[in-house]
Amino acid sequence: MEPFKTITSLAAPLDRVNVDTDQIIPKQFLKRIERSGYGEFLFFDWRRLQDGPAAGEPDPSFVLNDAKYKGAKILIAGKNFGCGSSREHAAWALSDFGFRAVIAPTFADIFFSNAGKNGIVLIKLSEEDVALLLDRAAKTPNYQLTVSLENQTVSDAQGFHATFEIDPFRKYCLIEGLDDIGLTLRHAADLDKFETAHDQQHWFQPRA
Amino acid sequence: MSNTPQNSSKTLFEKVWEQHVVVEPKGEPTILYIDLHLLHEVTSPQAFEGLRLTGRTVRRPDRCIATVDHNVPTLLAERFNILDQIAAKQISTLRENCKEFGVELYDIGSREQGIVHVIGPELGITKPGMTIVCGDSHTSTHGAFGALAFGIGTSEVEHVLATQTLPQDKPKTFRIAVEGELPKGVTAKDIVLAIIGKIGTDGATGHVIEFAGSAIRGLSMEGRMTVCNMSIEAGARAGMIAPDETTYAYLKGRRFSPKGAEWDAAVAAWSQLPSDPGAKFDRELIIDAATLAPYVSWGTSPGMVAPITSSVPDPAATQNESERRAFERALEYMDLKAGTLLEDIAVDRVFIGSCTNSRIEDLRAAAGIAKGHHVSTHVSAMVVPGSQAVKDQAEKEGLDLVFKAAGFDWREPGCSMCLGMNPDILSPGERCASTSNRNFEGRQGRGGRTHLVSPEMAAAAAITGHFVDVRNWAAISATAEVN
């Protein structure tokens, strides 16, 4: 996992609530057995016109098709971002597309966990702050945000400055780019001991 | 491990959690032991690949069960000759991974195959007090047995394969009590749709819901699974229901249930699990069952639901700007106008199936509506049993004949049109009455329009060609309008 410290980047506004993982990466791309290459399928249906003679062509009104947001590493969105399916493909697609941080008022639980395991920092700001950033990102040419994970701050050149909460352990893992399995295996002795005792309770066994 | 009696009052969730704490490292998430890991073809290949790349093995293959459900065709002829080569490759990859790592696979053609959340309970693998995970958000289904069951991502699948544990932050608790008697024609599906409509799709984020109250206790295990299944649609980490006599009656004698003295010991352990009197929850909500009706979703989020007796809501009546825009966008996608009576919405397709509503009781209920009638001439309807065992049982009871006589397609088990990863999808613009769990844009096929309902409501819509109030089915089905 790529370590995360501070980034300054273009910020793309996705002004929708309840953005579900079916939209982030539609089902037809879940059949692949690889872990990479999902970026081109990010928001697949929203990025393309659905009807008319140009169906299938890029929808110019969709934010990520707008040239001025090309290269954005920060996405700003409405509440409950990442709801729905547990598909980690959603995090892989965002990461592969180039996003390193998503700012929203709230995130769904499973997506929250998946994003962290792929080096994406999820930043919860108030509804008011998110509305302000969405507006600025939509109206300001070359709108850039700076996210400092170390200081837990989001700021822009127009004087916006907000701090965000993050669990200290999650922060440490993101900054260091740590592998979860390795971290758990530090407790191998505890695990062996627990498991030996737990196995004696047969009602916890899947197959009696 | 705390299997000793506790003096302080605890919730069901807290008891199950505490029995699975391996270690609580200071300043870090708890390492939680996982009793059962369910696997399927879609979210596992990259996890097994991760094990290979790091030279790790599956720590406890005996605590893993795999099946194929998401991609499998539901037409018999296609099941052993999958035309979609990418889907076929994903399924063959699961076969190879299970063989290499020693995981039992219930493959296509086996009598155990089915939707992962249907087969766990019916085989007696799912049991009270267990911790259960699967790379699928609807793992919450298993909470109906008093298990702590939740969906995980693929990195976590790899983590569980390697360590049989997960680092977890302890969720908060949310008790939702549905009290009173459920009106006739109102089902478990309607209970959960009503709850999501009330608290919203992020209403339980960060919480484990315990569903309680007399209306919940009065549900069968199938009904309880339907309720817990859709906990995730309210944003919950998991949904749970305390085990009781209904739970034990369901489990007794199942293939992997304990037998003899082990059964007695298991029931004794399970009987300790229900929340203690006076146990504290972070949040509580009480719902009067008598106020519930059959529900229909009208939008593109499972919280966008309304009783069948009402009409499509007006975005102007919403609380705030972002909600108003979400409503407007949903109505545009669904091609619906505010004020349209839900009963006036005509459907093109009907799907009865999914991990929410594909169990034997669901099929009995739908067949009860369909019996003696015929699917409307402009509707195409299909029934997809949740598992091979459900299909076999339904055929034993003659339900397949009822459905076929009524003009429904009778299919082979799998996830099917709930998410359309197999060939069963809606065409753009098609409107579907579906017993599944998500009405997201494009969920059942690009441009498809999904209305979530109970099996009874779906079957009735198939017959009449539009939504009707199943509480009046006797009168409706007696009229000449039903063809």
# chains A, B, ... in the order shown; residues from 1 in each chain; ligands from 1
>>> closest_atom_pairs(of="chain A", to="chain B", cutoff="8 Å", atoms="only C-alpha atoms", output="Markdown table")
| residue | atom | partner | partner_atom | distance |
| --- | --- | --- | --- | --- |
| A:Arg16 | CA | B:Ala326 | CA | 7.2 |
| A:Val17 | CA | B:Ala326 | CA | 6.9 |
| A:Asn18 | CA | B:Ser301 | CA | 7.8 |
| A:Asp20 | CA | B:Phe440 | CA | 7.5 |
| A:Asp22 | CA | B:Arg443 | CA | 6.7 |
| A:Gln23 | CA | B:Glu441 | CA | 7.4 |
| A:Pro26 | CA | B:Arg443 | CA | 7.9 |
| A:Lys27 | CA | B:Met421 | CA | 6.0 |
| A:Gln28 | CA | B:Met421 | CA | 6.2 |
| A:Leu30 | CA | B:Val42 | CA | 6.4 |
| A:Lys31 | CA | B:Ala87 | CA | 5.5 |
| A:Arg32 | CA | B:Ile86 | CA | 6.5 |
| A:Ile33 | CA | B:Pro45 | CA | 5.4 |
| A:Glu34 | CA | B:Gln46 | CA | 6.2 |
| A:Arg35 | CA | B:Gln46 | CA | 6.0 |
| A:Asp45 | CA | B:Arg446 | CA | 7.7 |
| A:Gln50 | CA | B:Gly447 | CA | 7.6 |
| A:Asn80 | CA | B:Asp202 | CA | 6.1 |
| A:Cys83 | CA | B:Gly235 | CA | 7.1 |
| A:Gly84 | CA | B:Glu233 | CA | 6.7 |
| A:Ser85 | CA | B:Ser137 | CA | 5.4 |
| A:Ser86 | CA | B:Ser137 | CA | 4.9 |
| A:Arg87 | CA | B:Gly153 | CA | 5.9 |
| A:Glu88 | CA | B:Gly153 | CA | 5.0 |
| A:Ala108 | CA | B:Gly235 | CA | 6.4 |
| A:Asp109 | CA | B:Gly206 | CA | 6.4 |
| A:Ile110 | CA | B:Ile152 | CA | 6.3 |
| A:Phe111 | CA | B:Gly153 | CA | 7.9 |
| A:Ser113 | CA | B:Gly153 | CA | 7.8 |
| A:Asn114 | CA | B:Gly153 | CA | 5.8 |
| A:Lys117 | CA | B:Ser155 | CA | 6.9 |
| A:Pro168 | CA | B:Gly27 | CA | 7.5 |
| A:Phe169 | CA | B:Glu28 | CA | 5.6 |
| A:Asp180 | CA | B:His159 | CA | 7.4 |
| A:Ile181 | CA | B:His159 | CA | 5.6 |
| A:Thr184 | CA | B:Ile31 | CA | 7.4 |
| A:Leu185 | CA | B:Thr163 | CA | 7.4 |
| A:His187 | CA | B:Val23 | CA | 7.7 |
| A:Asp190 | CA | B:Val22 | CA | 6.6 |
| A:Leu191 | CA | B:Val22 | CA | 6.0 |
| A:Phe194 | CA | B:Val22 | CA | 5.9 |
| A:His198 | CA | B:Met1 | CA | 7.6 |
| A:His202 | CA | B:Glu262 | CA | 7.6 |
| A:Trp203 | CA | B:Ala266 | CA | 5.4 |
| A:Phe204 | CA | B:Met130 | CA | 5.7 |
| A:Gln205 | CA | B:Asp35 | CA | 6.7 |
| A:Pro206 | CA | B:Ile125 | CA | 4.8 |
| A:Arg207 | CA | B:Phe256 | CA | 4.8 |
| A:Ala208 | CA | B:Pro258 | CA | 5.1 |
>>> atom_distance(atom1="atom CA of B:Pro315", atom2="atom CA of B:Phe467")
21.8 Å
>>> atom_distance(atom1="atom CA of B:Leu251", atom2="atom CA of B:Phe145")
9.3 Å
>>> closest_residue(among="A:Asp59, A:Glu176, A:Asp129, A:Asp192", to="A:Thr163", atoms="only C-alpha atoms")
A:Asp129
>>> residues_around(residues="A:Tyr172", least_positions_apart="5", cutoff="12 Å", atoms="only C-alpha atoms", output="ChimeraX atom specification")
/A:3-5,116,119,121,149-150,152,166-167,177-180,183 /B:27-28
>>> write_last_selection(atoms="C-alpha atoms", output="short mmCIF file (atom, residue, chain, number, x, y, z; two decimals), in the first residue's frame")
data_model
loop_
_atom_site.label_atom_id
_atom_site.label_comp_id
_atom_site.auth_asym_id
_atom_site.auth_seq_id
_atom_site.Cartn_x
_atom_site.Cartn_y
_atom_site.Cartn_z
CA PRO A 3 2.09 5.56 2.11
CA PHE A 4 0.01 8.74 2.42
CA LYS A 5 1.35 11.95 3.89
CA GLY A 116 -8.35 2.31 4.00
CA GLY A 119 -4.46 3.75 0.70
CA VAL A 121 -8.06 8.53 2.88
CA LEU A 149 -3.05 13.32 6.96
CA GLU A 150 -0.29 14.06 9.43
CA GLN A 152 -5.56 15.95 9.84
CA ILE A 166 -9.33 9.81 12.08
CA ASP A 167 -8.67 6.82 14.27
CA GLY A 177 1.35 1.97 4.15
CA LEU A 178 1.16 -1.08 6.45
CA ASP A 179 -0.11 -4.56 5.58
CA ASP A 180 -2.92 -5.62 7.92
CA LEU A 183 0.09 -6.53 11.85
CA GLY B 27 -4.72 1.79 20.70
CA GLU B 28 -5.54 -0.66 17.93
#
>>> atom_distance(atom1="atom CA of B:Asp69", atom2="atom CA of A:His89")
18.1 Å
>>> select_by_dssp(residues="stretch 49-208 of chain A", states="strand (DSSP E or B)", output="list of chain:residue names")
A:Pro58, A:Ile74, A:Leu75, A:Ile76, A:Ala77, A:Phe81, A:Cys83, A:Ala101, A:Val102, A:Ile103, A:Ala104, A:Phe107, A:Val121, A:Leu122, A:Ile123, A:Lys124, A:Gln144, A:Leu145, A:Thr146, A:Val147, A:Ser148, A:Thr153, A:Val154, A:Ser155, A:His161, A:Ala162, A:Thr163
>>> write_last_selection(atoms="N, CA and C atoms", output="tab-separated table (two decimals), in the first residue's frame")
chain	number	residue	atom	x	y	z
A	58	PRO	N	-18.97	9.48	-24.19
A	58	PRO	CA	-18.82	10.18	-22.90
A	58	PRO	C	-19.90	11.25	-22.72
A	74	ILE	N	-8.46	14.19	-5.54
A	74	ILE	CA	-9.40	14.35	-4.43
A	74	ILE	C	-10.82	14.43	-5.00
A	75	LEU	N	-11.72	13.64	-4.42
A	75	LEU	CA	-13.12	13.65	-4.84
A	75	LEU	C	-13.96	14.18	-3.69
A	76	ILE	N	-14.90	15.07	-4.02
A	76	ILE	CA	-15.81	15.60	-3.00
A	76	ILE	C	-17.21	15.10	-3.34
A	77	ALA	N	-17.93	14.55	-2.34
A	77	ALA	CA	-19.25	13.95	-2.64
A	77	ALA	C	-20.21	14.15	-1.48
A	81	PHE	N	-21.52	8.12	1.16
A	81	PHE	CA	-20.74	7.69	-0.01
A	81	PHE	C	-20.29	6.24	0.18
A	83	CYS	N	-22.24	3.43	-0.20
A	83	CYS	CA	-23.23	2.51	0.38
A	83	CYS	C	-23.46	1.34	-0.56
A	101	ALA	N	-7.99	10.57	-2.01
A	101	ALA	CA	-8.81	11.02	-0.88
A	101	ALA	C	-10.22	11.31	-1.36
A	102	VAL	N	-11.20	10.98	-0.51
A	102	VAL	CA	-12.59	11.34	-0.78
A	102	VAL	C	-13.09	12.13	0.43
A	103	ILE	N	-13.75	13.25	0.13
A	103	ILE	CA	-14.31	14.09	1.19
A	103	ILE	C	-15.82	14.03	1.10
A	104	ALA	N	-16.49	13.69	2.20
A	104	ALA	CA	-17.96	13.62	2.23
A	104	ALA	C	-18.42	13.77	3.68
A	107	PHE	N	-19.66	8.20	5.30
A	107	PHE	CA	-19.33	7.08	4.43
A	107	PHE	C	-19.98	5.82	4.96
A	121	VAL	N	-7.67	7.88	1.63
A	121	VAL	CA	-8.06	8.53	2.88
A	121	VAL	C	-9.48	9.06	2.74
A	122	LEU	N	-10.36	8.65	3.65
A	122	LEU	CA	-11.74	9.14	3.65
A	122	LEU	C	-11.87	10.21	4.72
A	123	ILE	N	-12.34	11.37	4.29
A	123	ILE	CA	-12.37	12.53	5.19
A	123	ILE	C	-13.81	12.96	5.41
A	124	LYS	N	-14.23	12.89	6.67
A	124	LYS	CA	-15.59	13.34	7.01
A	124	LYS	C	-15.54	14.79	7.43
A	144	GLN	N	-7.82	23.71	-6.13
A	144	GLN	CA	-6.94	22.74	-5.48
A	144	GLN	C	-7.22	22.66	-3.99
A	145	LEU	N	-7.12	21.47	-3.47
A	145	LEU	CA	-7.21	21.28	-2.02
A	145	LEU	C	-5.92	20.62	-1.54
A	146	THR	N	-5.57	20.92	-0.31
A	146	THR	CA	-4.44	20.23	0.31
A	146	THR	C	-4.96	19.39	1.46
A	147	VAL	N	-4.64	18.11	1.41
A	147	VAL	CA	-5.00	17.20	2.50
A	147	VAL	C	-3.72	16.79	3.20
A	148	SER	N	-3.65	17.12	4.48
A	148	SER	CA	-2.52	16.65	5.27
A	148	SER	C	-3.04	15.60	6.25
A	153	THR	N	-5.80	17.84	8.34
A	153	THR	CA	-6.41	19.09	7.88
A	153	THR	C	-6.71	19.04	6.38
A	154	VAL	N	-7.72	19.81	6.02
A	154	VAL	CA	-8.05	20.07	4.62
A	154	VAL	C	-8.04	21.58	4.45
A	155	SER	N	-7.37	22.07	3.40
A	155	SER	CA	-7.33	23.52	3.22
A	155	SER	C	-7.28	23.87	1.74
A	161	HIS	N	-10.15	26.13	5.86
A	161	HIS	CA	-9.28	25.29	6.68
A	161	HIS	C	-10.17	24.49	7.64
A	162	ALA	N	-10.09	23.18	7.54
A	162	ALA	CA	-10.88	22.35	8.45
A	162	ALA	C	-10.02	21.20	8.94
A	163	THR	N	-10.32	20.76	10.14
A	163	THR	CA	-9.64	19.57	10.65
A	163	THR	C	-10.62	18.40	10.58
>>> select_by_dssp(residues="stretch 213-444 of chain B", states="alpha helix (DSSP H)", output="PyMOL selection string")
chain B and resi 214-217+221-229+245-251+260-270+321-334+360-370+388-396+399-405
>>> closest_residue(among="B:Val296, B:Val350, B:Ala147, B:Ala389", to="B:Ile119", atoms="only C-alpha atoms")
B:Ala389
>>> residues_around(residues="stretch 403-410 of chain B", least_positions_apart="3", cutoff="7 Å", atoms="only C-alpha atoms", output="ChimeraX atom specification")
/B:367,370-375,381-384,399-400
>>> decode(residues="stretch 20-144 of chain B", atoms="C-alpha atoms", output="PDB file, in the first residue's frame")
ATOM      1  CA  HIS B  20     -14.574 -13.918  20.048  1.00  0.00           C
ATOM      2  CA  VAL B  21     -12.030 -11.374  21.277  1.00  0.00           C
ATOM      3  CA  VAL B  22      -8.576 -12.821  20.635  1.00  0.00           C
ATOM      4  CA  VAL B  23      -6.699  -9.797  21.861  1.00  0.00           C
ATOM      5  CA  GLU B  24      -7.349  -6.094  22.369  1.00  0.00           C
ATOM      6  CA  PRO B  25      -4.053  -4.405  21.547  1.00  0.00           C
ATOM      7  CA  LYS B  26      -3.790  -0.966  23.126  1.00  0.00           C
ATOM      8  CA  GLY B  27      -4.724   1.785  20.695  1.00  0.00           C
ATOM      9  CA  GLU B  28      -5.537  -0.664  17.931  1.00  0.00           C
ATOM     10  CA  PRO B  29      -8.679  -2.437  16.720  1.00  0.00           C
ATOM     11  CA  THR B  30      -9.741  -5.625  18.502  1.00  0.00           C
ATOM     12  CA  ILE B  31      -8.613  -8.847  16.861  1.00  0.00           C
ATOM     13  CA  LEU B  32     -11.852 -10.795  16.496  1.00  0.00           C
ATOM     14  CA  TYR B  33     -11.959 -14.539  15.844  1.00  0.00           C
ATOM     15  CA  ILE B  34     -14.095 -15.645  12.887  1.00  0.00           C
ATOM     16  CA  ASP B  35     -15.949 -18.959  13.191  1.00  0.00           C
ATOM     17  CA  LEU B  36     -17.221 -19.247   9.656  1.00  0.00           C
ATOM     18  CA  HIS B  37     -15.963 -17.790   6.394  1.00  0.00           C
ATOM     19  CA  LEU B  38     -18.279 -18.107   3.396  1.00  0.00           C
ATOM     20  CA  LEU B  39     -16.739 -17.630  -0.028  1.00  0.00           C
ATOM     21  CA  HIS B  40     -18.044 -17.155  -3.553  1.00  0.00           C
ATOM     22  CA  GLU B  41     -16.552 -16.581  -6.973  1.00  0.00           C
ATOM     23  CA  VAL B  42     -16.755 -12.783  -7.216  1.00  0.00           C
ATOM     24  CA  THR B  43     -14.919 -11.409  -4.187  1.00  0.00           C
ATOM     25  CA  SER B  44     -12.390 -14.186  -3.552  1.00  0.00           C
ATOM     26  CA  PRO B  45      -9.985 -14.527  -6.540  1.00  0.00           C
ATOM     27  CA  GLN B  46      -7.814 -11.538  -5.631  1.00  0.00           C
ATOM     28  CA  ALA B  47      -7.684 -12.748  -2.001  1.00  0.00           C
ATOM     29  CA  PHE B  48      -6.395 -16.194  -2.920  1.00  0.00           C
ATOM     30  CA  GLU B  49      -3.939 -14.540  -5.303  1.00  0.00           C
ATOM     31  CA  GLY B  50      -2.745 -12.402  -2.393  1.00  0.00           C
ATOM     32  CA  LEU B  51      -2.037 -15.552  -0.365  1.00  0.00           C
ATOM     33  CA  ARG B  52      -0.017 -17.008  -3.210  1.00  0.00           C
ATOM     34  CA  LEU B  53       1.992 -13.811  -3.664  1.00  0.00           C
ATOM     35  CA  THR B  54       2.932 -13.708   0.012  1.00  0.00           C
ATOM     36  CA  GLY B  55       3.417 -17.444   0.443  1.00  0.00           C
ATOM     37  CA  ARG B  56       0.606 -17.698   2.985  1.00  0.00           C
ATOM     38  CA  THR B  57      -1.885 -20.528   3.439  1.00  0.00           C
ATOM     39  CA  VAL B  58      -5.500 -20.811   4.579  1.00  0.00           C
ATOM     40  CA  ARG B  59      -5.237 -21.118   8.351  1.00  0.00           C
ATOM     41  CA  ARG B  60      -8.500 -23.024   8.884  1.00  0.00           C
ATOM     42  CA  PRO B  61      -9.964 -24.561   5.732  1.00  0.00           C
ATOM     43  CA  ASP B  62     -12.449 -26.362   8.009  1.00  0.00           C
ATOM     44  CA  ARG B  63     -13.989 -22.971   8.855  1.00  0.00           C
ATOM     45  CA  CYS B  64     -14.465 -22.069   5.176  1.00  0.00           C
ATOM     46  CA  ILE B  65     -17.283 -23.013   2.798  1.00  0.00           C
ATOM     47  CA  ALA B  66     -17.408 -21.908  -0.821  1.00  0.00           C
ATOM     48  CA  THR B  67     -20.133 -21.942  -3.428  1.00  0.00           C
ATOM     49  CA  VAL B  68     -20.898 -20.340  -6.782  1.00  0.00           C
ATOM     50  CA  ASP B  69     -23.912 -18.087  -6.939  1.00  0.00           C
ATOM     51  CA  HIS B  70     -23.400 -14.608  -8.404  1.00  0.00           C
ATOM     52  CA  ASN B  71     -22.394 -15.542 -11.947  1.00  0.00           C
ATOM     53  CA  VAL B  72     -24.174 -18.832 -12.513  1.00  0.00           C
ATOM     54  CA  PRO B  73     -26.760 -18.989 -15.300  1.00  0.00           C
ATOM     55  CA  THR B  74     -30.222 -20.039 -14.171  1.00  0.00           C
ATOM     56  CA  LEU B  75     -31.065 -21.939 -17.352  1.00  0.00           C
ATOM     57  CA  LEU B  76     -30.091 -25.584 -17.030  1.00  0.00           C
ATOM     58  CA  ALA B  77     -28.589 -25.798 -20.512  1.00  0.00           C
ATOM     59  CA  GLU B  78     -26.198 -22.912 -19.816  1.00  0.00           C
ATOM     60  CA  ARG B  79     -25.003 -23.996 -16.384  1.00  0.00           C
ATOM     61  CA  PHE B  80     -22.378 -26.419 -17.610  1.00  0.00           C
ATOM     62  CA  ASN B  81     -21.532 -24.390 -20.670  1.00  0.00           C
ATOM     63  CA  ILE B  82     -21.261 -20.788 -19.526  1.00  0.00           C
ATOM     64  CA  LEU B  83     -21.199 -18.539 -22.560  1.00  0.00           C
ATOM     65  CA  ASP B  84     -19.725 -15.515 -20.773  1.00  0.00           C
ATOM     66  CA  GLN B  85     -16.051 -16.466 -20.815  1.00  0.00           C
ATOM     67  CA  ILE B  86     -15.051 -13.940 -18.154  1.00  0.00           C
ATOM     68  CA  ALA B  87     -17.700 -15.337 -15.790  1.00  0.00           C
ATOM     69  CA  ALA B  88     -16.655 -18.886 -16.654  1.00  0.00           C
ATOM     70  CA  LYS B  89     -13.052 -18.018 -15.846  1.00  0.00           C
ATOM     71  CA  GLN B  90     -14.032 -16.550 -12.485  1.00  0.00           C
ATOM     72  CA  ILE B  91     -15.909 -19.734 -11.583  1.00  0.00           C
ATOM     73  CA  SER B  92     -13.083 -22.018 -12.714  1.00  0.00           C
ATOM     74  CA  THR B  93     -10.667 -19.850 -10.724  1.00  0.00           C
ATOM     75  CA  LEU B  94     -12.706 -20.506  -7.572  1.00  0.00           C
ATOM     76  CA  ARG B  95     -12.562 -24.248  -8.303  1.00  0.00           C
ATOM     77  CA  GLU B  96      -8.789 -24.124  -8.670  1.00  0.00           C
ATOM     78  CA  ASN B  97      -8.350 -21.988  -5.556  1.00  0.00           C
ATOM     79  CA  CYS B  98     -10.546 -24.261  -3.416  1.00  0.00           C
ATOM     80  CA  LYS B  99      -8.611 -27.282  -4.594  1.00  0.00           C
ATOM     81  CA  GLU B 100      -5.221 -25.667  -4.010  1.00  0.00           C
ATOM     82  CA  PHE B 101      -6.077 -24.381  -0.528  1.00  0.00           C
ATOM     83  CA  GLY B 102      -8.282 -27.270   0.636  1.00  0.00           C
ATOM     84  CA  VAL B 103     -11.592 -25.393   0.893  1.00  0.00           C
ATOM     85  CA  GLU B 104     -14.845 -27.289   0.407  1.00  0.00           C
ATOM     86  CA  LEU B 105     -16.754 -26.037  -2.637  1.00  0.00           C
ATOM     87  CA  TYR B 106     -20.437 -26.612  -3.322  1.00  0.00           C
ATOM     88  CA  ASP B 107     -20.205 -26.399  -7.075  1.00  0.00           C
ATOM     89  CA  ILE B 108     -22.775 -26.123  -9.843  1.00  0.00           C
ATOM     90  CA  GLY B 109     -24.678 -29.393 -10.031  1.00  0.00           C
ATOM     91  CA  SER B 110     -24.140 -30.319  -6.377  1.00  0.00           C
ATOM     92  CA  ARG B 111     -27.212 -30.679  -4.194  1.00  0.00           C
ATOM     93  CA  GLU B 112     -25.772 -28.106  -1.768  1.00  0.00           C
ATOM     94  CA  GLN B 113     -25.211 -25.313  -4.313  1.00  0.00           C
ATOM     95  CA  GLY B 114     -27.126 -22.092  -3.907  1.00  0.00           C
ATOM     96  CA  ILE B 115     -26.942 -18.492  -2.821  1.00  0.00           C
ATOM     97  CA  VAL B 116     -24.310 -18.407  -0.101  1.00  0.00           C
ATOM     98  CA  HIS B 117     -26.733 -16.845   2.405  1.00  0.00           C
ATOM     99  CA  VAL B 118     -29.378 -19.464   1.715  1.00  0.00           C
ATOM    100  CA  ILE B 119     -27.192 -22.561   1.958  1.00  0.00           C
ATOM    101  CA  GLY B 120     -25.402 -21.641   5.208  1.00  0.00           C
ATOM    102  CA  PRO B 121     -28.615 -21.736   7.254  1.00  0.00           C
ATOM    103  CA  GLU B 122     -30.291 -24.609   5.444  1.00  0.00           C
ATOM    104  CA  LEU B 123     -27.279 -26.889   5.926  1.00  0.00           C
ATOM    105  CA  GLY B 124     -27.095 -26.010   9.625  1.00  0.00           C
ATOM    106  CA  ILE B 125     -23.672 -24.392   9.117  1.00  0.00           C
ATOM    107  CA  THR B 126     -24.950 -21.044  10.393  1.00  0.00           C
ATOM    108  CA  LYS B 127     -25.524 -21.244  14.139  1.00  0.00           C
ATOM    109  CA  PRO B 128     -26.313 -18.894  17.028  1.00  0.00           C
ATOM    110  CA  GLY B 129     -23.423 -17.098  18.653  1.00  0.00           C
ATOM    111  CA  MET B 130     -21.032 -17.565  15.757  1.00  0.00           C
ATOM    112  CA  THR B 131     -19.032 -14.882  14.027  1.00  0.00           C
ATOM    113  CA  ILE B 132     -19.621 -15.178  10.285  1.00  0.00           C
ATOM    114  CA  VAL B 133     -18.118 -13.206   7.430  1.00  0.00           C
ATOM    115  CA  CYS B 134     -18.318 -13.283   3.661  1.00  0.00           C
ATOM    116  CA  GLY B 135     -17.188 -10.990   0.899  1.00  0.00           C
ATOM    117  CA  ASP B 136     -20.787  -9.958   0.401  1.00  0.00           C
ATOM    118  CA  SER B 137     -22.730  -7.225   2.155  1.00  0.00           C
ATOM    119  CA  HIS B 138     -25.816  -9.412   2.632  1.00  0.00           C
ATOM    120  CA  THR B 139     -23.923 -11.622   5.064  1.00  0.00           C
ATOM    121  CA  SER B 140     -26.058  -9.796   7.618  1.00  0.00           C
ATOM    122  CA  THR B 141     -28.715 -12.423   6.753  1.00  0.00           C
ATOM    123  CA  HIS B 142     -27.131 -14.936   9.161  1.00  0.00           C
ATOM    124  CA  GLY B 143     -27.764 -12.594  12.081  1.00  0.00           C
ATOM    125  CA  ALA B 144     -31.293 -14.025  12.110  1.00  0.00           C
TER     126      ALA B 144
END
